[in-house]
>>> print(open('protein_6.cif').read())   # mmCIF, C-alpha atoms
data_work
#
loop_
_atom_site.label_atom_id
_atom_site.label_comp_id
_atom_site.auth_asym_id
_atom_site.auth_seq_id
_atom_site.Cartn_x
_atom_site.Cartn_y
_atom_site.Cartn_z
CA MET Z 20 -8.27 97.40 26.40
CA THR Z 21 -7.43 98.28 29.99
CA VAL Z 22 -8.97 100.41 32.64
CA GLU Z 23 -6.79 102.73 34.73
CA ARG Z 24 -7.74 104.72 37.74
CA GLU Z 25 -6.25 108.17 37.76
CA HIS Z 26 -5.40 109.80 41.03
CA SER Z 27 -6.30 113.49 41.11
CA PRO Z 28 -5.56 115.71 44.05
CA GLY Z 29 -8.92 117.39 44.38
CA SER Z 30 -10.12 120.02 46.84
CA HIS Z 31 -12.06 117.47 48.85
CA GLY Z 32 -8.92 115.77 50.00
CA ALA Z 33 -6.11 113.76 48.64
CA GLY Z 34 -6.37 110.26 47.17
CA VAL Z 35 -9.84 110.46 45.64
CA ASP Z 36 -10.39 108.43 42.51
CA SER Z 37 -12.17 110.89 40.32
CA GLU Z 38 -11.77 109.81 36.69
CA ILE Z 39 -11.55 106.65 34.65
CA VAL Z 40 -9.43 106.69 31.54
CA VAL Z 41 -9.90 103.90 29.06
CA THR Z 42 -6.80 103.18 27.04
CA GLU Z 43 -6.69 100.97 23.94
CA LEU Z 44 -3.62 98.77 24.04
CA PRO Z 45 -2.32 97.09 20.94
CA ARG Z 46 -3.40 93.48 20.97
CA ALA Z 47 -0.54 91.03 21.02
CA VAL Z 48 0.08 89.23 17.77
CA THR Z 49 0.01 85.55 18.52
CA ARG Z 50 2.20 83.01 16.82
CA GLU Z 51 -0.89 81.45 15.29
CA GLU Z 52 -1.90 84.76 13.75
CA THR Z 53 1.54 85.22 12.22
CA GLN Z 54 1.45 81.69 10.87
CA ALA Z 55 -2.03 82.24 9.48
CA ALA Z 56 -0.91 85.45 7.78
CA VAL Z 57 2.07 83.73 6.18
CA HIS Z 58 -0.12 80.80 5.17
CA GLU Z 59 -2.79 83.00 3.56
CA SER Z 60 -0.47 85.58 2.05
CA PHE Z 61 2.41 83.47 0.81
CA THR Z 62 1.99 79.71 1.05
CA LEU Z 63 -1.42 79.23 -0.52
CA PRO Z 64 -1.37 81.94 -3.23
CA LEU Z 65 2.13 81.03 -4.36
CA LEU Z 66 1.34 77.33 -4.30
CA PHE Z 67 -1.82 77.78 -6.36
CA LEU Z 68 -0.10 80.18 -8.77
CA THR Z 69 2.64 77.60 -9.23
CA VAL Z 70 -0.08 75.11 -10.11
CA VAL Z 71 -1.43 77.61 -12.67
CA LEU Z 72 2.02 78.11 -14.17
CA ALA Z 73 3.08 74.46 -14.23
CA GLY Z 74 -0.38 73.33 -15.35
CA SER Z 75 -0.26 75.61 -18.37
CA LEU Z 76 3.18 74.46 -19.47
CA ARG Z 77 3.51 72.05 -22.38
CA ILE Z 78 6.95 70.92 -23.41
CA GLY Z 79 7.29 69.89 -27.02
CA GLN Z 80 10.21 68.89 -29.20
CA ALA Z 81 13.47 70.86 -29.38
CA PRO Z 82 12.42 71.53 -26.44
CA ARG Z 83 9.75 74.03 -27.31
CA LEU Z 84 7.66 75.56 -24.56
CA SER Z 85 4.08 76.68 -24.85
CA PHE Z 86 1.68 78.01 -22.24
CA HIS Z 87 -1.98 77.08 -22.46
CA PRO Z 88 -4.50 79.13 -20.49
CA PRO Z 89 -7.49 77.16 -19.17
CA SER Z 90 -10.37 76.52 -21.52
CA LEU Z 91 -13.84 77.96 -20.91
CA MET Z 92 -15.13 74.52 -19.95
CA ALA Z 93 -12.32 74.25 -17.39
CA LEU Z 94 -13.57 77.50 -15.82
CA VAL Z 95 -17.06 76.03 -15.50
CA LEU Z 96 -15.66 72.86 -13.93
CA ALA Z 97 -13.58 74.97 -11.54
CA VAL Z 98 -16.71 76.77 -10.35
CA MET Z 99 -18.31 73.39 -9.70
CA LEU Z 100 -15.23 72.19 -7.85
CA LEU Z 101 -15.30 75.26 -5.61
CA ALA Z 102 -18.96 74.57 -4.88
CA VAL Z 103 -18.11 70.97 -4.01
CA LEU Z 104 -15.24 72.09 -1.76
CA TYR Z 105 -17.60 74.50 0.00
CA ARG Z 106 -20.30 71.90 0.52
CA ALA Z 107 -17.80 69.43 1.92
CA GLY Z 108 -16.31 71.96 4.30
CA ALA Z 109 -12.90 71.87 2.65
CA LEU Z 110 -13.33 75.49 1.62
CA VAL Z 111 -14.64 77.72 4.41
CA PRO Z 112 -15.30 81.26 3.16
CA ASP Z 113 -15.63 82.47 6.78
CA ALA Z 114 -12.02 81.54 7.35
CA LEU Z 115 -10.97 83.76 4.47
CA VAL Z 116 -13.42 86.65 4.08
CA HIS Z 117 -15.33 86.85 7.34
CA PRO Z 118 -16.93 90.30 7.82
CA ARG Z 119 -15.01 90.80 11.05
CA ARG Z 120 -11.66 90.46 9.31
CA THR Z 121 -9.78 93.62 8.40
CA ALA Z 122 -9.79 94.85 4.81
CA LEU Z 123 -6.27 93.56 4.26
CA GLU Z 124 -7.17 90.16 5.65
CA LYS Z 125 -10.21 90.03 3.39
CA ILE Z 126 -8.07 90.90 0.36
CA SER Z 127 -5.66 88.12 1.35
CA GLY Z 128 -8.60 85.74 1.58
CA LEU Z 129 -9.92 86.83 -1.80
CA ILE Z 130 -6.50 86.28 -3.34
CA VAL Z 131 -6.50 82.74 -1.94
CA LEU Z 132 -9.96 82.14 -3.43
CA ALA Z 133 -8.98 83.63 -6.80
CA THR Z 134 -5.78 81.62 -7.04
CA LEU Z 135 -7.61 78.47 -5.95
CA PHE Z 136 -10.14 79.05 -8.72
CA ALA Z 137 -7.43 79.65 -11.32
CA ALA Z 138 -5.49 76.58 -10.17
CA ALA Z 139 -8.62 74.40 -10.28
CA ALA Z 140 -9.39 75.58 -13.82
CA GLN Z 141 -5.83 74.94 -14.90
CA VAL Z 142 -5.80 71.46 -13.37
CA PHE Z 143 -8.97 70.49 -15.26
CA SER Z 144 -7.43 71.87 -18.43
CA LEU Z 145 -4.25 69.92 -17.77
CA VAL Z 146 -5.86 66.49 -17.41
CA THR Z 147 -8.26 66.97 -20.33
CA PRO Z 148 -7.19 66.23 -23.92
CA GLU Z 149 -6.63 69.36 -25.95
CA ALA Z 150 -9.54 69.01 -28.39
CA GLY Z 151 -11.95 66.70 -30.15
CA LEU Z 152 -14.36 64.07 -28.97
CA LEU Z 153 -12.01 62.89 -26.24
CA ALA Z 154 -11.99 66.37 -24.68
CA PHE Z 155 -15.78 66.40 -24.80
CA ALA Z 156 -15.95 62.95 -23.17
CA PHE Z 157 -13.55 63.97 -20.40
CA ASN Z 158 -15.53 67.14 -19.69
CA VAL Z 159 -18.82 65.25 -19.51
CA VAL Z 160 -17.32 62.72 -17.11
CA PHE Z 161 -15.95 65.54 -14.92
CA LEU Z 162 -19.35 67.24 -14.89
CA VAL Z 163 -21.11 64.04 -13.88
CA LEU Z 164 -18.55 63.19 -11.21
CA LEU Z 165 -18.63 66.66 -9.69
CA GLY Z 166 -22.43 66.74 -9.80
CA ASN Z 167 -22.54 63.38 -8.12
CA THR Z 168 -20.07 64.51 -5.46
CA LEU Z 169 -22.10 67.66 -4.89
CA ALA Z 170 -25.23 65.58 -4.35
CA ALA Z 171 -23.49 63.03 -2.13
CA ARG Z 172 -22.31 65.73 0.32
CA PRO Z 173 -19.10 64.04 1.39
CA ASP Z 174 -17.13 65.32 4.35
CA ARG Z 175 -13.75 66.95 3.92
CA SER Z 176 -11.58 63.84 4.05
CA GLN Z 177 -13.93 61.88 1.80
CA LEU Z 178 -13.88 64.73 -0.73
CA LEU Z 179 -10.09 64.89 -0.75
CA THR Z 180 -9.97 61.15 -1.40
CA SER Z 181 -12.57 61.56 -4.13
CA LEU Z 182 -10.56 64.35 -5.80
CA LEU Z 183 -7.43 62.23 -5.62
CA ILE Z 184 -9.26 59.46 -7.47
CA ILE Z 185 -10.87 61.79 -10.04
CA PHE Z 186 -7.69 63.63 -10.96
CA GLY Z 187 -5.55 60.51 -10.63
CA ALA Z 188 -7.78 58.55 -12.99
CA ALA Z 189 -7.87 61.41 -15.49
CA PHE Z 190 -4.09 61.71 -15.32
CA VAL Z 191 -3.59 57.99 -15.92
CA MET Z 192 -6.10 58.04 -18.76
CA LYS Z 193 -4.53 60.99 -20.59
CA PHE Z 194 -0.83 60.66 -19.86
CA VAL Z 195 -0.49 56.88 -19.63
CA VAL Z 196 -3.29 55.07 -21.46
CA LEU Z 197 -4.07 57.46 -24.33
CA SER Z 198 -0.40 58.33 -24.75
CA ALA Z 199 0.42 54.65 -25.11
CA VAL Z 200 -2.46 54.04 -27.50
CA TYR Z 201 -1.51 57.00 -29.69
CA ALA Z 202 2.24 56.34 -29.53
CA PRO Z 203 3.58 56.47 -33.10
CA GLY Z 204 5.34 53.71 -34.98
CA THR Z 205 4.61 50.65 -32.94
CA GLY Z 206 3.57 48.03 -35.44
CA LEU Z 207 1.80 48.03 -38.77
CA THR Z 208 -1.42 46.50 -37.44
CA LYS Z 209 -1.81 49.15 -34.81
CA ARG Z 210 -1.16 51.94 -37.28
CA VAL Z 211 -3.70 50.53 -39.72
CA VAL Z 212 -6.31 50.11 -37.00
CA MET Z 213 -5.70 53.64 -35.69
CA ALA Z 214 -5.89 55.09 -39.20
CA LEU Z 215 -9.16 53.25 -39.84
CA PHE Z 216 -10.54 54.29 -36.47
CA GLU Z 217 -9.70 57.95 -37.06
CA GLY Z 218 -11.16 57.73 -40.54
CA ILE Z 219 -14.41 56.22 -39.27
CA THR Z 220 -14.72 58.86 -36.54
CA LEU Z 221 -13.85 61.62 -39.07
CA GLY Z 222 -10.81 62.61 -37.04
CA THR Z 223 -12.82 63.55 -33.97
CA LEU Z 224 -10.79 61.11 -31.86
CA ALA Z 225 -7.54 62.84 -32.69
CA PHE Z 226 -5.27 63.14 -29.67
CA VAL Z 227 -2.25 65.38 -29.24
CA ARG Z 228 0.17 63.11 -27.43
CA PRO Z 229 1.89 65.00 -24.60
CA SER Z 230 5.63 64.66 -24.21
CA PRO Z 231 6.97 62.62 -21.26
CA ALA Z 232 8.32 65.82 -19.67
CA THR Z 233 4.83 67.33 -19.71
CA GLY Z 234 3.55 64.18 -18.00
CA TYR Z 235 6.07 64.43 -15.18
CA ILE Z 236 5.28 68.10 -14.68
CA ALA Z 237 1.56 67.32 -14.73
CA PHE Z 238 2.02 64.70 -12.02
CA GLY Z 239 3.80 67.19 -9.77
CA THR Z 240 1.21 69.84 -10.53
CA LEU Z 241 -1.67 67.59 -9.52
CA ALA Z 242 0.07 66.62 -6.31
CA LEU Z 243 0.72 70.28 -5.52
CA PHE Z 244 -2.90 71.19 -6.17
CA LEU Z 245 -4.23 68.48 -3.87
CA ILE Z 246 -1.77 69.54 -1.16
CA GLY Z 247 -3.01 73.10 -1.54
CA VAL Z 248 -6.63 72.03 -1.24
CA ALA Z 249 -5.80 70.03 1.88
CA TRP Z 250 -4.03 73.10 3.32
CA LEU Z 251 -6.98 75.46 2.84
CA PRO Z 252 -7.74 77.30 6.08
CA ARG Z 253 -10.30 75.64 8.28
CA PRO Z 254 -12.47 77.49 10.79
CA HIS Z 255 -10.24 76.79 13.78
CA HIS Z 256 -7.21 78.08 11.82
CA ALA Z 257 -8.73 81.48 11.19
CA PRO Z 258 -7.51 83.89 13.86
CA HIS Z 259 -10.69 85.93 13.89
CA HIS Z 260 -13.02 83.03 13.71
CA PRO Z 261 -14.93 82.45 16.96
CA GLU Z 262 -13.77 78.84 17.13
CA PHE Z 263 -10.16 79.98 16.94
CA ARG Z 264 -10.63 82.65 19.57
CA GLU Z 265 -12.33 80.21 21.89
CA ARG Z 266 -9.33 77.93 21.71
CA LEU Z 267 -7.07 80.59 23.08
CA PRO Z 268 -6.55 80.62 26.82
CA ALA Z 269 -7.61 83.81 28.52
CA ASP Z 270 -4.03 85.01 28.95
CA GLY Z 271 -3.05 83.81 25.52
CA PRO Z 272 -0.31 81.37 24.73
CA SER Z 273 2.26 84.06 24.16
CA ALA Z 274 0.86 86.97 26.07
CA PRO Z 275 3.57 89.39 27.09
CA ALA Z 276 3.72 89.93 30.83
CA HIS Z 277 2.91 93.62 30.62
CA LEU Z 278 -0.40 93.02 28.89
CA PRO Z 279 -3.52 92.46 30.90
CA SER Z 280 -5.58 89.41 30.19
CA SER Z 281 -8.28 91.59 28.69
CA ALA Z 282 -6.00 92.43 25.79
CA LEU Z 283 -6.24 88.86 24.59
CA ALA Z 284 -9.74 88.16 25.69
CA PRO Z 285 -11.98 86.42 23.17
CA ARG Z 286 -13.91 88.75 21.01
CA PRO Z 287 -17.66 88.70 21.47
CA ALA Z 288 -19.45 86.09 19.47
CA PRO Z 289 -20.83 87.41 16.22
CA ASP Z 290 -24.42 88.32 15.94
CA PRO Z 291 -26.32 85.33 14.50
CA GLY Z 292 -27.84 87.64 11.94
CA ASP Z 293 -24.36 88.49 10.82
CA ARG Z 294 -23.70 85.00 9.53
CA VAL S 26 1.96 95.66 12.29
CA ARG S 27 3.93 92.51 11.65
CA THR S 28 1.00 90.59 10.16
CA THR S 29 0.05 93.66 8.13
CA ALA S 30 3.53 93.77 6.64
CA ILE S 31 3.39 90.04 5.92
CA ARG S 32 0.04 90.39 4.18
CA ILE S 33 1.13 93.38 2.10
CA ALA S 34 4.32 91.58 1.07
CA GLY S 35 2.27 88.51 0.19
CA LEU S 36 -0.14 90.53 -1.94
CA LEU S 37 2.70 92.18 -3.82
CA THR S 38 4.46 88.85 -4.39
CA ALA S 39 1.27 87.16 -5.57
CA GLY S 40 0.53 90.13 -7.85
CA VAL S 41 3.96 89.99 -9.47
CA TYR S 42 3.75 86.20 -9.87
CA ALA S 43 0.26 86.43 -11.40
CA GLY S 44 1.46 89.18 -13.73
CA PHE S 45 4.34 86.96 -14.84
CA ILE S 46 1.93 84.12 -15.64
CA VAL S 47 -0.35 86.43 -17.64
CA TRP S 48 2.72 87.68 -19.52
CA LEU S 49 3.66 84.08 -20.33
CA TYR S 50 0.17 83.46 -21.70
CA ALA S 51 0.36 86.60 -23.84
CA ALA S 52 3.97 86.45 -25.01
CA GLN S 53 4.17 82.65 -25.48
CA PRO S 54 7.95 82.41 -25.23
CA ARG S 55 9.21 79.27 -26.96
CA ASN S 56 12.23 78.56 -24.79
CA LEU S 57 13.92 79.66 -21.59
CA ALA S 58 16.13 82.14 -23.46
CA GLU S 59 13.01 83.91 -24.67
CA VAL S 60 11.56 83.89 -21.17
CA LYS S 61 14.72 85.46 -19.77
CA GLY S 62 15.02 87.90 -22.65
CA GLY S 63 11.38 88.88 -22.40
CA MET S 64 11.69 89.51 -18.69
CA ALA S 65 14.82 91.59 -19.23
CA ALA S 66 13.21 93.49 -22.09
CA SER S 67 10.16 94.29 -19.98
CA VAL S 68 12.41 96.21 -17.58
CA GLY S 69 14.57 97.62 -20.36
CA ALA S 70 17.60 95.52 -19.43
CA TYR S 71 17.84 93.35 -22.53
CA THR S 72 21.00 93.65 -24.62
CA ILE S 73 22.27 91.65 -27.54
CA ASP S 74 25.66 90.01 -27.89
CA ARG S 75 27.38 92.66 -30.01
CA GLU S 76 30.23 90.37 -31.09
CA SER S 77 27.86 87.73 -32.48
CA PHE S 78 25.81 90.45 -34.16
CA ASP S 79 28.90 91.84 -35.94
CA ARG S 80 29.85 88.34 -37.00
CA GLY S 81 26.34 87.82 -38.37
CA LEU S 82 26.56 91.10 -40.24
CA GLN S 83 29.80 89.96 -41.89
CA PHE S 84 28.15 86.72 -43.01
CA PHE S 85 25.11 88.66 -44.23
CA ARG S 86 27.19 91.00 -46.35
CA SER S 87 29.01 88.08 -47.92
CA ASP S 88 25.66 86.41 -48.78
CA ARG S 89 26.14 83.52 -46.35
CA PHE S 90 22.62 83.79 -45.03
CA ALA S 91 22.29 80.56 -43.05
CA GLU S 92 25.51 81.35 -41.17
CA ALA S 93 24.34 84.92 -40.66
CA ARG S 94 21.06 83.77 -39.11
CA SER S 95 22.90 81.39 -36.83
CA ALA S 96 25.09 84.24 -35.57
CA PHE S 97 22.08 86.56 -35.23
CA GLN S 98 20.32 83.85 -33.21
CA ARG S 99 23.28 83.76 -30.81
CA ALA S 100 23.28 87.53 -30.63
CA ASP S 101 19.57 87.81 -29.93
CA PRO S 102 18.42 84.50 -28.38
CA ALA S 103 15.18 86.01 -27.10
CA GLN S 104 14.39 87.54 -30.51
CA ARG S 105 13.69 90.85 -28.85
CA ASP S 106 16.02 93.17 -30.71
CA ALA S 107 14.42 95.04 -33.60
CA THR S 108 17.63 95.59 -35.59
CA THR S 109 18.80 91.97 -35.35
CA GLN S 110 15.40 90.64 -36.31
CA PHE S 111 15.27 93.07 -39.23
CA TYR S 112 18.53 91.63 -40.52
CA VAL S 113 17.21 88.09 -39.98
CA ALA S 114 14.16 89.01 -42.06
CA TYR S 115 16.35 90.57 -44.72
CA SER S 116 18.51 87.44 -44.87
CA PHE S 117 15.39 85.39 -45.64
CA LEU S 118 14.39 87.95 -48.26
CA ARG S 119 17.71 87.79 -50.07
CA GLN S 120 18.00 84.03 -49.78
CA GLY S 121 14.47 83.48 -51.01
CA TRP S 122 14.73 85.96 -53.85
CA GLY S 123 15.36 84.51 -57.31
CA ARG S 124 15.38 86.03 -60.71
CA PHE S 125 12.74 83.58 -61.93
CA SER S 126 10.89 82.71 -58.74
CA ARG S 127 10.66 83.45 -55.04
CA ASP S 128 10.88 80.82 -52.27
CA ASP S 129 7.56 81.08 -50.45
CA GLU S 130 8.72 79.22 -47.37
CA LEU S 131 11.72 81.48 -46.86
CA TYR S 132 9.55 84.52 -47.50
CA ARG S 133 7.07 83.36 -44.85
CA GLN S 134 9.85 82.88 -42.32
CA GLY S 135 11.19 86.29 -43.26
CA LEU S 136 7.81 87.87 -42.77
CA ALA S 137 7.59 86.27 -39.32
CA ALA S 138 11.01 87.66 -38.43
CA LEU S 139 9.94 91.08 -39.68
CA GLU S 140 6.84 90.92 -37.48
CA ARG S 141 9.11 90.21 -34.50
CA ALA S 142 11.30 93.16 -35.45
CA MET S 143 8.32 95.48 -35.64
CA ALA S 144 6.90 94.13 -32.37
CA ALA S 145 10.24 94.74 -30.66
CA SER S 146 10.46 98.29 -31.95
CA PRO S 147 8.94 100.90 -29.63
CA ASN S 148 7.06 102.62 -32.47
CA GLY S 149 6.27 99.45 -34.44
CA HIS S 150 8.49 100.55 -37.30
CA VAL S 151 12.12 99.73 -38.08
CA ARG S 152 14.47 101.76 -40.24
CA ILE S 153 18.10 100.74 -40.73
CA GLU S 154 20.56 103.09 -42.38
CA ASP S 155 22.84 100.57 -44.03
CA SER S 156 24.22 101.23 -47.50
CA ASN S 157 24.27 97.48 -48.13
CA LEU S 158 20.47 97.32 -47.91
CA THR S 159 18.27 98.33 -50.82
CA LEU S 160 15.16 98.43 -48.66
CA LYS S 161 15.80 100.33 -45.47
CA SER S 162 12.47 100.31 -43.68
CA SER S 163 10.22 97.58 -42.37
CA ASP S 164 7.38 98.92 -44.56
CA GLU S 165 9.39 98.36 -47.73
CA VAL S 166 10.56 94.91 -46.67
CA ARG S 167 7.05 93.87 -45.72
CA ALA S 168 5.69 95.03 -49.09
CA GLU S 169 8.43 93.06 -50.86
CA PHE S 170 7.56 89.92 -48.88
CA GLU S 171 3.86 90.33 -49.60
CA ARG S 172 4.48 90.89 -53.30
CA GLY S 173 6.58 87.74 -53.36
CA LEU S 174 3.94 85.67 -51.63
CA VAL S 175 1.04 86.77 -53.83
CA ARG S 176 0.37 84.75 -56.99
CA ASP S 177 -1.07 86.80 -59.82
CA ALA S 178 -0.66 87.51 -63.51
CA SER S 179 2.40 89.68 -62.90
CA ASP S 180 4.31 86.50 -61.98
CA LEU S 181 4.25 85.66 -65.68
CA ASN S 182 5.73 88.97 -66.73
CA PRO S 183 9.04 88.12 -68.49
CA MET S 184 10.38 91.56 -67.63
CA ARG S 185 10.69 90.45 -64.02
CA VAL S 186 13.96 88.73 -64.82
CA PHE S 187 15.43 92.23 -64.98
CA ASP S 188 14.39 93.04 -61.40
CA SER S 189 17.30 93.85 -59.15
CA ARG S 190 17.88 91.95 -55.93
CA PRO S 191 16.52 93.78 -52.87
#
>>> encode(input="protein_6.cif", output="structure tokens")
Amino acid sequence: MTVEREHSPGSHGAGVDSEIVVTELPRAVTREETQAAVHESFTLPLLFLTVVLAGSLRIGQAPRLSFHPPSLMALVLAVMLLAVLYRAGALVPDALVHPRRTALEKISGLIVLATLFAAAAQVFSLVTPEAGLLAFAFNVVFLVLLGNTLAARPDRSQLLTSLLIIFGAAFVMKFVVLSAVYAPGTGLTKRVVMALFEGITLGTLAFVRPSPATGYIAFGTLALFLIGVAWLPRPHHAPHHPEFRERLPADGPSAPAHLPSSALAPRPAPDPGDR
Amino acid sequence: VRTTAIRIAGLLTAGVYAGFIVWLYAAQPRNLAEVKGGMAASVGAYTIDRESFDRGLQFFRSDRFAEARSAFQRADPAQRDATTQFYVAYSFLRQGWGRFSRDDELYRQGLAALERAMAASPNGHVRIEDSNLTLKSSDEVRAEFERGLVRDASDLNPMRVFDSRP
């Protein structure tokens, strides 16, 4: 916004400033804002949707593809994971859906949240056995671990390390250990023991062994998900967040010469009641 | 304006991508050919390989059903063409039909192919005007499959040996 003094030749003599016209100038779009828009609109949603797609893919024999949507339990675990991310400061809703953001920015933020939720659910579904007692055991362990993490209130970096360990351990358990244990045709003793074990447990320990290709895709999917979580916008990355605005110099890093400093001035701090 | 355009483009891209994933969940394509065919069919751009289809038809009319299905598979890799899938179903019907018994496994595969044909048809119904076919509509073929798969007292009727091949 700029203030201009208009010179009007009045009857009381020339050169008298008689009127003030306030003109709204378009605010310059900073490089950070453009980057943030690309990050929120393209990078994160597409990354998380790729996690959803790759996490649902199972490659069987022939090769035969199948796509598994997340289970209901995976949705519950995803809600818990979002809560944990929020508590640890890895997920900052203000950076995505702050009331002072425009409607389009809020929709972008909601898309990021929705895709993050879907990706989290898919990742839990991916590292959990398909059915049976093993699936139940994995889900219970996830619940306990997430509950424990929620109670421990880790900071952002600690949480990311914790997630790396949780998902990494689950991946190793399902795709390496259980796959090796349930590998067919490796010795008579093993087959007899496995048959007895399954008989004793009434088949509840049945395990659908994933193909090696599914394992490789799962590894990439987990890595992509953790990268996405690490890339979630933080308060100082959000263009309309007060912390971000305060970091800008008064004239702005890329303020065009014709714009007055007021065009890039920090916005007023939000009302405390607004938060 | 620039960030607005970026955000709108991002929303559209994410929407299309999410729609594609939901379609994958619903359609459950079994291979990449079905994925490509399904995508093409969803925009009305899917076409079969006419040469392979004609070759399959020649095999079908000379009662070489396995060869016919192989050619039909090449013609319609995504299994999205109602006519081709109808002929695939019919090939299972004729191969599985016997004067004294019916092959349940072939009939089941035929019924699955017929379901695909009906799903691919815009009105859920297929009718082929081919003088070589005794049964010309999907309703008749389905009824024949279901009769063949049901086990009842009529299976013991000796007069069934006089039934004509569909």
>>> residues_near_point(input="protein_6.cif", point="(12.5, 94.3, -48.5)", cutoff="10 Å", atoms="all atoms listed in the file", output="list in words")
Phe111, Ala114, Tyr115, Ser116, Phe117, Leu118, Arg119, Gly135, Leu136, Leu139, Leu158, Thr159, Leu160, Lys161, Ser162, Ser163, Asp164, Glu165, Val166, Arg167, Ala168, Glu169, Phe170, Glu171, Arg172, Arg190 and Pro191 of chain S
>>> resolve_selection(input="protein_6.cif", expression="the PyMOL selection byres ((chain S and resi 28) around 12)", output="number ranges by chain")
Z: 47-61, 121, 123-124, 127, 258; S: 26-27, 29-35
>>> write_last_selection(input="protein_6.cif", atoms="C-alpha atoms", output="compact mmCIF listing (two decimals), in the coordinates of the input")
# COMPACT_ATOMS: atom_id res chain seq x y z
CA ALA Z 47 -0.54 91.03 21.02
CA VAL Z 48 0.08 89.23 17.77
CA THR Z 49 0.01 85.55 18.52
CA ARG Z 50 2.20 83.01 16.82
CA GLU Z 51 -0.89 81.45 15.29
CA GLU Z 52 -1.90 84.76 13.75
CA THR Z 53 1.54 85.22 12.22
CA GLN Z 54 1.45 81.69 10.87
CA ALA Z 55 -2.03 82.24 9.48
CA ALA Z 56 -0.91 85.45 7.78
CA VAL Z 57 2.07 83.73 6.18
CA HIS Z 58 -0.12 80.80 5.17
CA GLU Z 59 -2.79 83.00 3.56
CA SER Z 60 -0.47 85.58 2.05
CA PHE Z 61 2.41 83.47 0.81
CA THR Z 121 -9.78 93.62 8.40
CA LEU Z 123 -6.27 93.56 4.26
CA GLU Z 124 -7.17 90.16 5.65
CA SER Z 127 -5.66 88.12 1.35
CA PRO Z 258 -7.51 83.89 13.86
CA VAL S 26 1.96 95.66 12.29
CA ARG S 27 3.93 92.51 11.65
CA THR S 29 0.05 93.66 8.13
CA ALA S 30 3.53 93.77 6.64
CA ILE S 31 3.39 90.04 5.92
CA ARG S 32 0.04 90.39 4.18
CA ILE S 33 1.13 93.38 2.10
CA ALA S 34 4.32 91.58 1.07
CA GLY S 35 2.27 88.51 0.19
>>> closest_atom_pairs(input="protein_6.cif", of="chain S", to="chain Z", cutoff="12 Å", atoms="all atoms listed in the file", output="tab-separated table")
residue	atom	partner	partner_atom	distance
S:Val26	CA	Z:Val48	CA	8.7
S:Arg27	CA	Z:Thr53	CA	7.7
S:Thr28	CA	Z:Thr53	CA	5.8
S:Thr29	CA	Z:Leu123	CA	7.4
S:Ala30	CA	Z:Ala56	CA	9.5
S:Ile31	CA	Z:Val57	CA	6.5
S:Arg32	CA	Z:Ser60	CA	5.3
S:Ile33	CA	Z:Leu123	CA	7.7
S:Ala34	CA	Z:Ser60	CA	7.7
S:Gly35	CA	Z:Ser60	CA	4.4
S:Leu36	CA	Z:Ser60	CA	6.4
S:Leu37	CA	Z:Ser60	CA	9.4
S:Thr38	CA	Z:Phe61	CA	7.8
S:Ala39	CA	Z:Pro64	CA	6.3
S:Gly40	CA	Z:Ile130	CA	9.2
S:Val41	CA	Z:Leu65	CA	10.5
S:Tyr42	CA	Z:Leu68	CA	7.2
S:Ala43	CA	Z:Leu68	CA	6.8
S:Gly44	CA	Z:Leu68	CA	10.4
S:Phe45	CA	Z:Leu72	CA	9.2
S:Ile46	CA	Z:Leu72	CA	6.2
S:Val47	CA	Z:Pro88	CA	8.9
S:Trp48	CA	Z:Phe86	CA	10.1
S:Leu49	CA	Z:Phe86	CA	6.7
S:Tyr50	CA	Z:Phe86	CA	5.7
S:Ala51	CA	Z:Phe86	CA	8.8
S:Ala52	CA	Z:Phe86	CA	9.2
S:Gln53	CA	Z:Ser85	CA	6.0
S:Pro54	CA	Z:Leu84	CA	6.9
S:Arg55	CA	Z:Leu84	CA	4.7
S:Asn56	CA	Z:Leu84	CA	5.5
S:Leu57	CA	Z:Leu84	CA	8.1
S:Ala58	CA	Z:Leu84	CA	10.8
S:Glu59	CA	Z:Leu84	CA	9.9
S:Val60	CA	Z:Leu84	CA	9.8
>>> atom_distance(input="protein_6.cif", atom1="CA of Ala142 in chain S", atom2="CA of Gln110 in chain S")
4.9 Å
>>> resolve_selection(input="protein_6.cif", expression="the PyMOL selection byres ((chain Z and resi 230) around 12)", output="ChimeraX atom specification")
/Z:76-84,193-195,198-199,201-202,227-229,231-237
>>> atom_distance(input="protein_6.cif", atom1="CA of Ala189 in chain Z", atom2="CA of Ser176 in chain Z")
20.0 Å
>>> atom_distance(input="protein_6.cif", atom1="CA of Asp177 in chain S", atom2="CA of Glu130 in chain S")
17.6 Å
>>> residues_around(input="protein_6.cif", residues="Phe78 in chain S", least_positions_apart="5", cutoff="10 Å", atoms="all atoms listed in the file", output="list in words")
Ile73, Gln83, Phe84, Ala93, Arg94, Ser95, Ala96, Phe97, Gln98, Arg99, Ala100, Asp101, Thr108, Thr109 and Tyr112 of chain S
>>> resolve_selection(input="protein_6.cif", expression="the PyMOL selection byres ((chain S and resi 71) around 12)", output="list in words")
Ala58, Glu59, Val60, Lys61, Gly62, Gly63, Met64, Ala65, Ala66, Ser67, Val68, Gly69, Ala70, Thr72, Ile73, Asp74, Ala100, Asp101, Pro102, Ala103, Gln104, Arg105, Asp106, Ala107 and Ala145 of chain S
